[in-house]
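Novice: Pasting a structure here, questions to come.
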Amino acid sequence: MPAHMIKEEFRTDDEGYLLDPADWSEAIAAELARREGLALGPLHWEVLKFMRQYYEENQIPADARFVVKHLAEAQGLGAGARKRLFELFPYGYVKQACKIAGMRRPRVWSTG
């Protein structure tokens, strides 16, 4: 969706992370991805939806290892899941996946 079609207003910090994860929508995710130079495909959306569901259920963002486990098991990627995650988000899980999924920037985080 082109940026001019986003009706939701959203605020980000100086690094581009949403200030309020509740503001997230698929349109906002697409805009955040565009700002990161990413075109989101089906597997990107699978990761983002898993991350959002995990956040809703646990009130904390998913550590990368949980996303890798999801890709390995639910998506059948097995041992290649970690590599695939970092192919999807080449500048890193925190820098891109967390930002696009609408998470606040974490202070300390395992990268999986």
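We name chains A, B, ... following the order of the structure tokens; residues begin at 1 in each chain, and ligands are numbered from 1 as shown.
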Run DSSP on the backbone and give me the residues of chain A it puts in alpha helix (DSSP H), as an NGL selection string.

Specialist: :A and (26-35 or 42-58 or 64-73 or 81-88 or 99-100)

Novice: Which of these residues is nearest to Ala74 in chain A, using only C-alpha atoms: A:Leu43, A:Leu88, A:Ala101, A:Ile60?

Specialist: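 Nearest to Ala74 in chain A: A:Leu43.
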
Novice: Which of these residues is nearest to Arg65 in chain A, using only C-alpha atoms: A:Arg11, A:Tyr17, A:Ala81, A:Pro106?

Specialist: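 Nearest to Arg65 in chain A: A:Ala81.
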
Novice: Go through A:Lys95, A:Glu15, A:Leu48, A:Lys83 and flag the residue nearest Ala29 in chain A, using only C-alpha atoms for the distances.

Specialist: A:Leu48

Novice: For each of A:Arg35, A:Ala79, A:Pro21, A:His70, take the minimum atom-to-atom distance to Cys98 in chain A, counting only C-alpha atoms, then give the residue where this is smallest.

Specialist: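 The answer is A:Pro21, which sits nearest to Cys98 in chain A.
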
Novice: For Tyr91 in chain A, which of A:Ala27, A:Gly41, A:Ala33, A:Gly76 is the closest residue, counting only C-alpha atoms?

Specialist: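 Of A:Ala27, A:Gly41, A:Ala33, A:Gly76, the one nearest Tyr91 in chain A is A:Ala33, counting only C-alpha atoms.
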